[in-house]
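Engineer: Just passing along the structure, written as structure tokens.
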Number of protein chains: 2
Amino acid sequence: MIRTAALRVLLFIVLVPLSYPALAQTDPLPSWNDGAAKTSITDFVARTTAQGNPDFVPQDQRIAVFDNDGTLWIEQPMYVQLAFILDRVRALAPQNPAWKSKQPYKAVLDGNMKALAASGEKGLVELMAVTHAGMTADEFSKIVTDWIAAARHPKFNKPYTELVYQPMLEVLAYLRANGFKTFIVSGGGIEFMRPWAEKVYGIPPEQVVGSSIKTRFEMRDGRPVLMRLPQINFIDDKTGKPVGINQHIGRRPIAAFGNSDGDLEMLQWTTMEGSGARFGLIVHHTDAEREYAYDRQSHVGKLDKALDAAALNKWTLADMKKDWRRVFAFQ
Amino acid sequence: MIRTAALRVLLFIVLVPLSYPALAQTDPLPSWNDGAAKTSITDFVARTTAQGNPDFVPQDQRIAVFDNDGTLWIEQPMYVQLAFILDRVRALAPQNPAWKSKQPYKAVLDGNMKALAASGEKGLVELMAVTHAGMTADEFSKIVTDWIAAARHPKFNKPYTELVYQPMLEVLAYLRANGFKTFIVSGGGIEFMRPWAEKVYGIPPEQVVGSSIKTRFEMRDGRPVLMRLPQINFIDDKTGKPVGINQHIGRRPIAAFGNSDGDLEMLQWTTMEGSGARFGLIVHHTDAEREYAYDRQSHVGKLDKALDAAALNKWTLADMKKDWRRVFAFQ
């Protein structure tokens, strides 16, 4: 009897791994409606991961890159990082009384978005500098961590980290379960994303690529710190995205996910060169009710040239309204 | 009988994993002589990976960084990348007849190292530009791959990829077997290392940090390419190493391995801040017979300030002659 029981336990231990293919047949993308967009994803993964398939890709070359704003999380009515900048200016205002009468600070403190826009790129770079530089890398990380825990989105009244797209979280998990390494490649600040990206997306800091300011190593009171300087180091947007990918990843991705013209060159770099299977997908914001609807005319996340390129290059268009069963986990 | 045979097979399958602790007791660092240096490595790994130990570090935070030149492979009598530059100038000379009478090219073609040295940093930057820029990223990768397969070291008459330190390969493998993620952080060119680092060290391109020149995305004949430009982007040496680590890895390593003053700030950044166990190691080149002996007075891989700092900060000093049973795998 003992022997039979032991055998049963052993059989269970040994046979469980064999049942994995059966488990794998449960829907890996439950928040996607059945249709061409969903099928294009599962087909690509099936082809690139099946030994013997002509499109098979060895595991170490399964690199997938994701834009962040508008692709993994919300970017309307303004980029989340801009909301952070405005909140930080308000928080720092008591220590800077001169800001009350000085642009572009006055515009922020008055909530005058028109005057802020009038300050142009120069104004924004100045706000960027006072909110992103002048502290150590560790200090900035803590500022971001505290802010992201407290801030709420104006329309949904939810933390921004809950305004991530459930269907895309499923794509991330599905790709990783199939041996892909997932990277963020965003125009947003690299140090603005890293403090929360691992918890929210399962993407560790070393797999986050983004825009950056310069830093300088120094010893402060006998302790090594990196000081954040008010100088742009790298803009990871448009033609910068393939540059950032090459700099950080050092090999060409085989799948890229974006939502705007800022992702055009990343999608081209990923899909238009090299042999073998490639995959490109654009999230099309078509759902004014559950999220937002915008494309060619939008100031934030403008999707115009990349929308034309999608048809030309056979990139998948994920129609938020039609293809997504739900947008956010809480819906 | 069949049942007993089946049980035996099952027992074998089930019990093999259980015997792992026994296997783990075999020496993970066979090319290290027993002594304080070796023990400091195994002690650190034991402490940081044992659940319940006060120094335990969760797996995702086990980041280890390695300098390359002089730490993982040979750097005498000249940096390998300098040998590459000189060979490339010779290879390109027939297409550039003017070089015969123009410095610093003439110095290279005449094999006149003194004249080359006299051309200073300006001369070297010029040679760097003509050998490293003006082609696409893919083309440069192929040039490096071809060169590294053909080039031989002047003293050992071996490919440079065989002149990697066997004891350090064992450290890399040992750390990875214990859940560490291993990165190269080198003053050498990032795109000079990536084409062969995975094969030689088991370190994938996305875990290589190094110096770089700027690149520009463009469409060439309808195909997306990254053109390499003759402009420095980043110098990953000295105070640049913590900057490069933060930029690429985004968190503080808990172990750092170097061999020269170029690694001082990386070792400080790794070991002098943050709570918990930290490990620093310096390879001391003391073996003129099996490799080279050099430190405070050397032009290549000068080890002076970092040697003083090692004592102060309790970094392990790996004495090549005393601590390494063998230097290269072929010995």
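Lettering and numbering for the structure tokens are positional, with chains as A, B, ... in the shown order, residues counted from 1 in each chain, and ligands counted from 1 in the shown order.
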So that each row is one residue of chain B with an atom at most 6 Å from chain A, can you give its shortest atom pair and the distance in Å to one decimal, using only C-alpha atoms, rows by chain and rising number, as a Markdown table?
Structural biologist:
| residue | atom | partner | partner_atom | distance |
| --- | --- | --- | --- | --- |
| B:Pro205 | CA | A:Gly250 | CA | 5.2 |
| B:Glu206 | CA | A:Ile249 | CA | 4.1 |
| B:Phe217 | CA | A:Thr239 | CA | 5.7 |
| B:Pro224 | CA | A:Trp269 | CA | 5.6 |
| B:Thr239 | CA | A:Phe217 | CA | 5.6 |
| B:His248 | CA | A:Glu206 | CA | 5.9 |
| B:Ile249 | CA | A:Glu206 | CA | 4.1 |
| B:Gly250 | CA | A:Pro205 | CA | 5.2 |
| B:Trp269 | CA | A:Pro224 | CA | 5.7 |
Engineer: Find the spatial neighbours of region 254-263 of chain B, counting only C-alpha atoms, within a cut-off of 8 Å - ignore same-chain residues fewer than 4 positions away - and output them as a PDB file with all heavy atoms, in the first residue's frame.
Structural biologist:
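Dumped everything to part-v1.pdb:
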ATOM      1  N   GLN B  61      17.621  41.400  -7.307  1.00  0.00           N
ATOM      2  CA  GLN B  61      18.591  42.441  -6.946  1.00  0.00           C
ATOM      3  C   GLN B  61      20.036  41.935  -6.974  1.00  0.00           C
ATOM      4  O   GLN B  61      20.961  42.671  -6.628  1.00  0.00           O
ATOM      5  CB  GLN B  61      18.260  42.993  -5.557  1.00  0.00           C
ATOM      6  CG  GLN B  61      17.000  43.857  -5.566  1.00  0.00           C
ATOM      7  CD  GLN B  61      16.410  44.021  -4.185  1.00  0.00           C
ATOM      8  OE1 GLN B  61      17.120  44.224  -3.206  1.00  0.00           O
ATOM      9  NE2 GLN B  61      15.101  43.916  -4.083  1.00  0.00           N
ATOM     10  N   ARG B  62      20.225  40.701  -7.386  1.00  0.00           N
ATOM     11  CA  ARG B  62      21.593  40.160  -7.464  1.00  0.00           C
ATOM     12  C   ARG B  62      22.232  40.568  -8.791  1.00  0.00           C
ATOM     13  O   ARG B  62      22.237  39.808  -9.765  1.00  0.00           O
ATOM     14  CB  ARG B  62      21.568  38.647  -7.315  1.00  0.00           C
ATOM     15  CG  ARG B  62      21.122  38.205  -5.927  1.00  0.00           C
ATOM     16  CD  ARG B  62      21.136  36.690  -5.786  1.00  0.00           C
ATOM     17  NE  ARG B  62      20.200  36.268  -4.748  1.00  0.00           N
ATOM     18  CZ  ARG B  62      19.604  35.082  -4.702  1.00  0.00           C
ATOM     19  NH1 ARG B  62      19.857  34.172  -5.636  1.00  0.00           N
ATOM     20  NH2 ARG B  62      18.761  34.790  -3.734  1.00  0.00           N
ATOM     21  N   ILE B  63      22.750  41.784  -8.808  1.00  0.00           N
ATOM     22  CA  ILE B  63      23.363  42.360 -10.002  1.00  0.00           C
ATOM     23  C   ILE B  63      24.878  42.398  -9.770  1.00  0.00           C
ATOM     24  O   ILE B  63      25.340  42.947  -8.769  1.00  0.00           O
ATOM     25  CB  ILE B  63      22.860  43.801 -10.236  1.00  0.00           C
ATOM     26  CG1 ILE B  63      21.329  43.854 -10.324  1.00  0.00           C
ATOM     27  CG2 ILE B  63      23.534  44.428 -11.446  1.00  0.00           C
ATOM     28  CD1 ILE B  63      20.741  43.406 -11.611  1.00  0.00           C
ATOM     29  N   ALA B  64      25.640  41.814 -10.701  1.00  0.00           N
ATOM     30  CA  ALA B  64      27.101  41.833 -10.609  1.00  0.00           C
ATOM     31  C   ALA B  64      27.668  42.457 -11.879  1.00  0.00           C
ATOM     32  O   ALA B  64      27.246  42.121 -12.981  1.00  0.00           O
ATOM     33  CB  ALA B  64      27.646  40.417 -10.429  1.00  0.00           C
ATOM     34  N   VAL B  65      28.614  43.381 -11.709  1.00  0.00           N
ATOM     35  CA  VAL B  65      29.201  44.084 -12.854  1.00  0.00           C
ATOM     36  C   VAL B  65      30.688  43.765 -12.976  1.00  0.00           C
ATOM     37  O   VAL B  65      31.408  43.684 -11.985  1.00  0.00           O
ATOM     38  CB  VAL B  65      28.983  45.609 -12.750  1.00  0.00           C
ATOM     39  CG1 VAL B  65      27.515  45.953 -12.993  1.00  0.00           C
ATOM     40  CG2 VAL B  65      29.433  46.162 -11.410  1.00  0.00           C
ATOM     41  N   PHE B  66      31.139  43.592 -14.204  1.00  0.00           N
ATOM     42  CA  PHE B  66      32.520  43.212 -14.493  1.00  0.00           C
ATOM     43  C   PHE B  66      33.122  44.173 -15.508  1.00  0.00           C
ATOM     44  O   PHE B  66      32.587  44.335 -16.608  1.00  0.00           O
ATOM     45  CB  PHE B  66      32.573  41.798 -15.096  1.00  0.00           C
ATOM     46  CG  PHE B  66      32.217  40.719 -14.124  1.00  0.00           C
ATOM     47  CD1 PHE B  66      30.885  40.460 -13.815  1.00  0.00           C
ATOM     48  CD2 PHE B  66      33.212  39.964 -13.515  1.00  0.00           C
ATOM     49  CE1 PHE B  66      30.554  39.463 -12.905  1.00  0.00           C
ATOM     50  CE2 PHE B  66      32.887  38.963 -12.609  1.00  0.00           C
ATOM     51  CZ  PHE B  66      31.555  38.710 -12.304  1.00  0.00           C
ATOM     52  N   ASP B  67      34.247  44.774 -15.155  1.00  0.00           N
ATOM     53  CA  ASP B  67      35.078  45.415 -16.161  1.00  0.00           C
ATOM     54  C   ASP B  67      35.533  44.329 -17.144  1.00  0.00           C
ATOM     55  O   ASP B  67      35.556  43.144 -16.792  1.00  0.00           O
ATOM     56  CB  ASP B  67      36.281  46.063 -15.472  1.00  0.00           C
ATOM     57  CG  ASP B  67      37.316  46.522 -16.472  1.00  0.00           C
ATOM     58  OD1 ASP B  67      36.971  47.342 -17.342  1.00  0.00           O
ATOM     59  OD2 ASP B  67      38.468  46.033 -16.398  1.00  0.00           O
ATOM     60  N   ASN B  68      35.904  44.733 -18.357  1.00  0.00           N
ATOM     61  CA  ASN B  68      36.357  43.731 -19.327  1.00  0.00           C
ATOM     62  C   ASN B  68      37.894  43.687 -19.471  1.00  0.00           C
ATOM     63  O   ASN B  68      38.523  42.720 -19.060  1.00  0.00           O
ATOM     64  CB  ASN B  68      35.697  43.985 -20.688  1.00  0.00           C
ATOM     65  CG  ASN B  68      36.047  42.914 -21.700  1.00  0.00           C
ATOM     66  OD1 ASN B  68      36.120  41.733 -21.358  1.00  0.00           O
ATOM     67  ND2 ASN B  68      36.302  43.307 -22.933  1.00  0.00           N
ATOM     68  N   GLY B  70      41.476  43.516 -18.842  1.00  0.00           N
ATOM     69  CA  GLY B  70      42.313  43.275 -17.669  1.00  0.00           C
ATOM     70  C   GLY B  70      41.563  42.608 -16.528  1.00  0.00           C
ATOM     71  O   GLY B  70      42.171  42.207 -15.536  1.00  0.00           O
ATOM     72  N   THR B  71      40.233  42.521 -16.642  1.00  0.00           N
ATOM     73  CA  THR B  71      39.439  41.841 -15.607  1.00  0.00           C
ATOM     74  C   THR B  71      38.892  40.522 -16.139  1.00  0.00           C
ATOM     75  O   THR B  71      38.916  39.509 -15.448  1.00  0.00           O
ATOM     76  CB  THR B  71      38.284  42.750 -15.122  1.00  0.00           C
ATOM     77  OG1 THR B  71      38.845  43.937 -14.568  1.00  0.00           O
ATOM     78  CG2 THR B  71      37.440  42.054 -14.072  1.00  0.00           C
ATOM     79  N   GLY B 187      35.221  50.332 -20.285  1.00  0.00           N
ATOM     80  CA  GLY B 187      35.593  51.515 -21.046  1.00  0.00           C
ATOM     81  C   GLY B 187      35.674  51.227 -22.532  1.00  0.00           C
ATOM     82  O   GLY B 187      35.654  52.142 -23.355  1.00  0.00           O
ATOM     83  N   ASP B 237      34.055  55.095 -18.511  1.00  0.00           N
ATOM     84  CA  ASP B 237      35.281  54.845 -17.752  1.00  0.00           C
ATOM     85  C   ASP B 237      35.317  55.798 -16.552  1.00  0.00           C
ATOM     86  O   ASP B 237      34.721  56.864 -16.579  1.00  0.00           O
ATOM     87  CB  ASP B 237      36.496  55.074 -18.655  1.00  0.00           C
ATOM     88  CG  ASP B 237      37.757  54.408 -18.092  1.00  0.00           C
ATOM     89  OD1 ASP B 237      37.629  53.366 -17.425  1.00  0.00           O
ATOM     90  OD2 ASP B 237      38.852  54.942 -18.333  1.00  0.00           O
ATOM     91  N   LYS B 238      35.991  55.379 -15.487  1.00  0.00           N
ATOM     92  CA  LYS B 238      36.153  56.183 -14.268  1.00  0.00           C
ATOM     93  C   LYS B 238      34.783  56.659 -13.756  1.00  0.00           C
ATOM     94  O   LYS B 238      33.922  55.830 -13.485  1.00  0.00           O
ATOM     95  CB  LYS B 238      37.116  57.342 -14.536  1.00  0.00           C
ATOM     96  CG  LYS B 238      38.538  56.854 -14.889  1.00  0.00           C
ATOM     97  CD  LYS B 238      39.531  57.978 -14.908  1.00  0.00           C
ATOM     98  CE  LYS B 238      40.971  57.508 -14.869  1.00  0.00           C
ATOM     99  NZ  LYS B 238      41.430  56.715 -15.995  1.00  0.00           N
ATOM    100  N   LYS B 241      31.546  55.189 -15.247  1.00  0.00           N
ATOM    101  CA  LYS B 241      31.008  53.836 -15.004  1.00  0.00           C
ATOM    102  C   LYS B 241      29.739  53.828 -14.148  1.00  0.00           C
ATOM    103  O   LYS B 241      28.765  53.173 -14.523  1.00  0.00           O
ATOM    104  CB  LYS B 241      32.097  52.917 -14.434  1.00  0.00           C
ATOM    105  CG  LYS B 241      33.151  52.561 -15.497  1.00  0.00           C
ATOM    106  CD  LYS B 241      33.874  51.243 -15.222  1.00  0.00           C
ATOM    107  CE  LYS B 241      34.793  50.919 -16.390  1.00  0.00           C
ATOM    108  NZ  LYS B 241      35.347  49.562 -16.341  1.00  0.00           N
ATOM    109  N   LEU B 267      33.524  50.551  -8.304  1.00  0.00           N
ATOM    110  CA  LEU B 267      33.642  49.804  -7.054  1.00  0.00           C
ATOM    111  C   LEU B 267      33.086  50.611  -5.878  1.00  0.00           C
ATOM    112  O   LEU B 267      32.418  50.053  -4.993  1.00  0.00           O
ATOM    113  CB  LEU B 267      35.108  49.416  -6.816  1.00  0.00           C
ATOM    114  CG  LEU B 267      35.586  48.225  -7.655  1.00  0.00           C
ATOM    115  CD1 LEU B 267      37.085  48.281  -7.912  1.00  0.00           C
ATOM    116  CD2 LEU B 267      35.216  46.908  -6.966  1.00  0.00           C
ATOM    117  N   THR B 270      29.275  50.655  -6.080  1.00  0.00           N
ATOM    118  CA  THR B 270      28.697  49.353  -5.742  1.00  0.00           C
ATOM    119  C   THR B 270      28.756  49.058  -4.249  1.00  0.00           C
ATOM    120  O   THR B 270      27.795  48.529  -3.679  1.00  0.00           O
ATOM    121  CB  THR B 270      29.436  48.235  -6.501  1.00  0.00           C
ATOM    122  OG1 THR B 270      29.317  48.480  -7.908  1.00  0.00           O
ATOM    123  CG2 THR B 270      28.871  46.859  -6.173  1.00  0.00           C
ATOM    124  N   THR B 271      29.878  49.410  -3.623  1.00  0.00           N
ATOM    125  CA  THR B 271      30.125  48.892  -2.269  1.00  0.00           C
ATOM    126  C   THR B 271      29.924  49.899  -1.144  1.00  0.00           C
ATOM    127  O   THR B 271      29.776  49.500   0.007  1.00  0.00           O
ATOM    128  CB  THR B 271      31.561  48.349  -2.136  1.00  0.00           C
ATOM    129  OG1 THR B 271      32.490  49.436  -2.320  1.00  0.00           O
ATOM    130  CG2 THR B 271      31.838  47.275  -3.182  1.00  0.00           C
ATOM    131  N   ALA B 277      24.824  43.291   2.152  1.00  0.00           N
ATOM    132  CA  ALA B 277      26.135  42.779   1.763  1.00  0.00           C
ATOM    133  C   ALA B 277      26.555  43.351   0.415  1.00  0.00           C
ATOM    134  O   ALA B 277      25.744  43.489  -0.498  1.00  0.00           O
ATOM    135  CB  ALA B 277      26.081  41.261   1.687  1.00  0.00           C
ATOM    136  N   ARG B 278      27.820  43.692   0.316  1.00  0.00           N
ATOM    137  CA  ARG B 278      28.394  44.184  -0.922  1.00  0.00           C
ATOM    138  C   ARG B 278      29.733  43.495  -1.142  1.00  0.00           C
ATOM    139  O   ARG B 278      30.402  43.120  -0.175  1.00  0.00           O
ATOM    140  CB  ARG B 278      28.633  45.700  -0.863  1.00  0.00           C
ATOM    141  CG  ARG B 278      27.370  46.528  -0.752  1.00  0.00           C
ATOM    142  CD  ARG B 278      26.597  46.534  -2.062  1.00  0.00           C
ATOM    143  NE  ARG B 278      25.451  47.431  -2.011  1.00  0.00           N
ATOM    144  CZ  ARG B 278      24.273  47.121  -1.495  1.00  0.00           C
ATOM    145  NH1 ARG B 278      24.074  45.923  -0.955  1.00  0.00           N
ATOM    146  NH2 ARG B 278      23.277  47.990  -1.495  1.00  0.00           N
ATOM    147  N   PHE B 279      30.137  43.395  -2.424  1.00  0.00           N
ATOM    148  CA  PHE B 279      31.395  42.710  -2.715  1.00  0.00           C
ATOM    149  C   PHE B 279      32.158  43.459  -3.802  1.00  0.00           C
ATOM    150  O   PHE B 279      31.599  43.812  -4.838  1.00  0.00           O
ATOM    151  CB  PHE B 279      31.108  41.277  -3.184  1.00  0.00           C
ATOM    152  CG  PHE B 279      32.341  40.461  -3.395  1.00  0.00           C
ATOM    153  CD1 PHE B 279      33.020  39.902  -2.320  1.00  0.00           C
ATOM    154  CD2 PHE B 279      32.853  40.261  -4.674  1.00  0.00           C
ATOM    155  CE1 PHE B 279      34.167  39.157  -2.506  1.00  0.00           C
ATOM    156  CE2 PHE B 279      34.008  39.510  -4.872  1.00  0.00           C
ATOM    157  CZ  PHE B 279      34.662  38.958  -3.780  1.00  0.00           C
ATOM    158  N   GLY B 280      33.440  43.707  -3.533  1.00  0.00           N
ATOM    159  CA  GLY B 280      34.314  44.307  -4.535  1.00  0.00           C
ATOM    160  C   GLY B 280      35.549  43.446  -4.695  1.00  0.00           C
ATOM    161  O   GLY B 280      36.056  42.902  -3.706  1.00  0.00           O
ATOM    162  N   LEU B 281      36.024  43.299  -5.922  1.00  0.00           N
ATOM    163  CA  LEU B 281      37.234  42.513  -6.166  1.00  0.00           C
ATOM    164  C   LEU B 281      38.080  43.187  -7.233  1.00  0.00           C
ATOM    165  O   LEU B 281      37.554  43.701  -8.225  1.00  0.00           O
ATOM    166  CB  LEU B 281      36.873  41.089  -6.602  1.00  0.00           C
ATOM    167  CG  LEU B 281      38.051  40.135  -6.875  1.00  0.00           C
ATOM    168  CD1 LEU B 281      37.698  38.701  -6.447  1.00  0.00           C
ATOM    169  CD2 LEU B 281      38.490  40.139  -8.339  1.00  0.00           C
ATOM    170  N   ILE B 282      39.393  43.170  -6.976  1.00  0.00           N
ATOM    171  CA  ILE B 282      40.340  43.713  -7.956  1.00  0.00           C
ATOM    172  C   ILE B 282      41.309  42.613  -8.371  1.00  0.00           C
ATOM    173  O   ILE B 282      41.930  41.961  -7.523  1.00  0.00           O
ATOM    174  CB  ILE B 282      41.104  44.914  -7.359  1.00  0.00           C
ATOM    175  CG1 ILE B 282      40.172  46.137  -7.308  1.00  0.00           C
ATOM    176  CG2 ILE B 282      42.357  45.222  -8.168  1.00  0.00           C
ATOM    177  CD1 ILE B 282      40.804  47.373  -6.735  1.00  0.00           C
ATOM    178  N   VAL B 283      41.392  42.397  -9.686  1.00  0.00           N
ATOM    179  CA  VAL B 283      42.376  41.461 -10.223  1.00  0.00           C
ATOM    180  C   VAL B 283      43.725  42.185 -10.257  1.00  0.00           C
ATOM    181  O   VAL B 283      43.853  43.237 -10.898  1.00  0.00           O
ATOM    182  CB  VAL B 283      41.998  41.017 -11.653  1.00  0.00           C
ATOM    183  CG1 VAL B 283      43.101  40.158 -12.261  1.00  0.00           C
ATOM    184  CG2 VAL B 283      40.662  40.261 -11.635  1.00  0.00           C
ATOM    185  N   HIS B 284      44.702  41.635  -9.551  1.00  0.00           N
ATOM    186  CA  HIS B 284      46.027  42.238  -9.494  1.00  0.00           C
ATOM    187  C   HIS B 284      46.961  41.439 -10.403  1.00  0.00           C
ATOM    188  O   HIS B 284      47.204  40.254 -10.144  1.00  0.00           O
ATOM    189  CB  HIS B 284      46.525  42.249  -8.047  1.00  0.00           C
ATOM    190  CG  HIS B 284      47.712  43.117  -7.817  1.00  0.00           C
ATOM    191  ND1 HIS B 284      48.380  43.179  -6.623  1.00  0.00           N
ATOM    192  CD2 HIS B 284      48.363  43.981  -8.645  1.00  0.00           C
ATOM    193  CE1 HIS B 284      49.394  44.032  -6.718  1.00  0.00           C
ATOM    194  NE2 HIS B 284      49.400  44.523  -7.930  1.00  0.00           N
ATOM    195  N   ASP B 295      51.137  47.323 -12.345  1.00  0.00           N
ATOM    196  CA  ASP B 295      50.132  48.025 -11.537  1.00  0.00           C
ATOM    197  C   ASP B 295      50.341  49.536 -11.558  1.00  0.00           C
ATOM    198  O   ASP B 295      49.931  50.195 -12.514  1.00  0.00           O
ATOM    199  CB  ASP B 295      50.008  47.456 -10.114  1.00  0.00           C
ATOM    200  CG  ASP B 295      51.335  47.257  -9.397  1.00  0.00           C
ATOM    201  OD1 ASP B 295      52.275  48.044  -9.651  1.00  0.00           O
ATOM    202  OD2 ASP B 295      51.428  46.316  -8.571  1.00  0.00           O
ATOM    203  N   GLY B 301      46.007  49.921 -18.110  1.00  0.00           N
ATOM    204  CA  GLY B 301      45.463  49.281 -16.909  1.00  0.00           C
ATOM    205  C   GLY B 301      46.148  49.693 -15.627  1.00  0.00           C
ATOM    206  O   GLY B 301      46.341  48.871 -14.718  1.00  0.00           O
ATOM    207  N   LYS B 302      46.485  50.976 -15.513  1.00  0.00           N
ATOM    208  CA  LYS B 302      47.141  51.484 -14.307  1.00  0.00           C
ATOM    209  C   LYS B 302      46.307  51.220 -13.055  1.00  0.00           C
ATOM    210  O   LYS B 302      45.123  51.568 -13.004  1.00  0.00           O
ATOM    211  CB  LYS B 302      47.358  52.989 -14.476  1.00  0.00           C
ATOM    212  CG  LYS B 302      48.002  53.647 -13.281  1.00  0.00           C
ATOM    213  CD  LYS B 302      48.248  55.136 -13.540  1.00  0.00           C
ATOM    214  CE  LYS B 302      48.935  55.772 -12.350  1.00  0.00           C
ATOM    215  NZ  LYS B 302      49.423  57.131 -12.660  1.00  0.00           N
ATOM    216  N   LEU B 303      46.936  50.599 -12.061  1.00  0.00           N
ATOM    217  CA  LEU B 303      46.254  50.296 -10.800  1.00  0.00           C
ATOM    218  C   LEU B 303      47.020  50.966  -9.676  1.00  0.00           C
ATOM    219  O   LEU B 303      48.065  50.473  -9.247  1.00  0.00           O
ATOM    220  CB  LEU B 303      46.199  48.779 -10.574  1.00  0.00           C
ATOM    221  CG  LEU B 303      45.640  48.301  -9.219  1.00  0.00           C
ATOM    222  CD1 LEU B 303      44.176  48.683  -9.059  1.00  0.00           C
ATOM    223  CD2 LEU B 303      45.823  46.792  -9.063  1.00  0.00           C
ATOM    224  N   ASP B 304      46.523  52.098  -9.220  1.00  0.00           N
ATOM    225  CA  ASP B 304      47.247  52.882  -8.214  1.00  0.00           C
ATOM    226  C   ASP B 304      46.262  53.323  -7.123  1.00  0.00           C
ATOM    227  O   ASP B 304      46.222  52.744  -6.044  1.00  0.00           O
ATOM    228  CB  ASP B 304      47.910  54.080  -8.914  1.00  0.00           C
ATOM    229  CG  ASP B 304      48.758  54.899  -7.966  1.00  0.00           C
ATOM    230  OD1 ASP B 304      49.318  54.311  -7.020  1.00  0.00           O
ATOM    231  OD2 ASP B 304      48.846  56.135  -8.153  1.00  0.00           O
ATOM    232  N   LYS B 305      45.416  54.282  -7.451  1.00  0.00           N
ATOM    233  CA  LYS B 305      44.429  54.757  -6.474  1.00  0.00           C
ATOM    234  C   LYS B 305      43.489  53.638  -6.034  1.00  0.00           C
ATOM    235  O   LYS B 305      43.119  53.538  -4.868  1.00  0.00           O
ATOM    236  CB  LYS B 305      43.594  55.898  -7.090  1.00  0.00           C
ATOM    237  CG  LYS B 305      44.283  57.248  -7.023  1.00  0.00           C
ATOM    238  CD  LYS B 305      43.323  58.366  -7.402  1.00  0.00           C
ATOM    239  CE  LYS B 305      43.460  58.754  -8.862  1.00  0.00           C
ATOM    240  NZ  LYS B 305      42.540  59.826  -9.284  1.00  0.00           N
ATOM    241  N   ALA B 306      43.099  52.801  -6.978  1.00  0.00           N
ATOM    242  CA  ALA B 306      42.151  51.728  -6.648  1.00  0.00           C
ATOM    243  C   ALA B 306      42.819  50.657  -5.779  1.00  0.00           C
ATOM    244  O   ALA B 306      42.138  49.950  -5.034  1.00  0.00           O
ATOM    245  CB  ALA B 306      41.579  51.109  -7.921  1.00  0.00           C
ATOM    246  N   LEU B 307      44.153  50.549  -5.879  1.00  0.00           N
ATOM    247  CA  LEU B 307      44.880  49.591  -5.042  1.00  0.00           C
ATOM    248  C   LEU B 307      44.867  50.075  -3.590  1.00  0.00           C
ATOM    249  O   LEU B 307      44.652  49.286  -2.665  1.00  0.00           O
ATOM    250  CB  LEU B 307      46.316  49.446  -5.561  1.00  0.00           C
ATOM    251  CG  LEU B 307      47.161  48.278  -5.048  1.00  0.00           C
ATOM    252  CD1 LEU B 307      46.462  46.941  -5.240  1.00  0.00           C
ATOM    253  CD2 LEU B 307      48.527  48.267  -5.751  1.00  0.00           C
TER     254      LEU B 307
END
Engineer: Would you work out the distance separating CA of Met168 (chain B) from CA of Ala149 (chain B), expressed in Å to one decimal?
Structural biologist: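 Here the two named atoms are 21.6 Å from each other.
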Engineer: When DSSP works through the backbone of this structure, what residues of region 81-233 of chain B end up as strand (DSSP E), shown as a PyMOL selection string?
Structural biologist: chain B and resi 181-189+208-220+223-233
Engineer: Write to file, as a short mmCIF file (atom, residue, chain, number, x, y, z; two decimals), in the first residue's frame, the residues of the selection just made, with C-alpha atoms.
Structural biologist:
data_model
loop_
_atom_site.label_atom_id
_atom_site.label_comp_id
_atom_site.auth_asym_id
_atom_site.auth_seq_id
_atom_site.Cartn_x
_atom_site.Cartn_y
_atom_site.Cartn_z
CA LYS B 181 22.57 38.67 -13.45
CA THR B 182 26.03 39.43 -14.83
CA PHE B 183 26.87 42.62 -16.74
CA ILE B 184 29.98 43.91 -18.48
CA VAL B 185 30.74 47.56 -17.66
CA SER B 186 33.77 48.48 -19.72
CA GLY B 187 35.59 51.51 -21.05
CA GLY B 188 35.80 49.57 -24.30
CA GLY B 189 33.38 50.11 -27.14
CA VAL B 208 26.93 44.85 -22.08
CA VAL B 209 27.61 48.47 -21.07
CA GLY B 210 30.46 50.34 -22.72
CA SER B 211 31.69 53.47 -24.46
CA SER B 212 29.87 54.50 -27.61
CA ILE B 213 29.79 56.83 -30.56
CA LYS B 214 26.60 58.46 -31.78
CA THR B 215 24.37 56.75 -34.31
CA ARG B 216 21.66 58.15 -36.59
CA PHE B 217 18.57 56.37 -37.84
CA GLU B 218 17.93 56.69 -41.56
CA MET B 219 16.20 54.92 -44.42
CA ARG B 220 18.72 53.76 -47.02
CA ARG B 223 15.61 49.95 -45.52
CA PRO B 224 16.07 51.23 -41.96
CA VAL B 225 19.70 51.48 -40.84
CA LEU B 226 21.67 53.02 -37.99
CA MET B 227 24.63 54.98 -39.34
CA ARG B 228 27.66 55.21 -37.06
CA LEU B 229 28.82 58.83 -36.71
CA PRO B 230 32.33 60.11 -35.89
CA GLN B 231 31.21 61.68 -32.60
CA ILE B 232 31.73 60.41 -29.08
CA ASN B 233 28.42 59.63 -27.34
#
Engineer: May I ask for the distance between CA of Pro77 (chain A) and CA of Glu291 (chain A), given in Å to one decimal place?
Structural biologist: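 One can read the CA of Pro77 (chain A) to CA of Glu291 (chain A) distance as 10.3 Å.
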Engineer: Quick check, in Å to one decimal: how far apart do CA of Arg326 (chain B) and CA of Tyr292 (chain B) lie?
Structural biologist: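 Here the two named atoms are 13.4 Å from each other.
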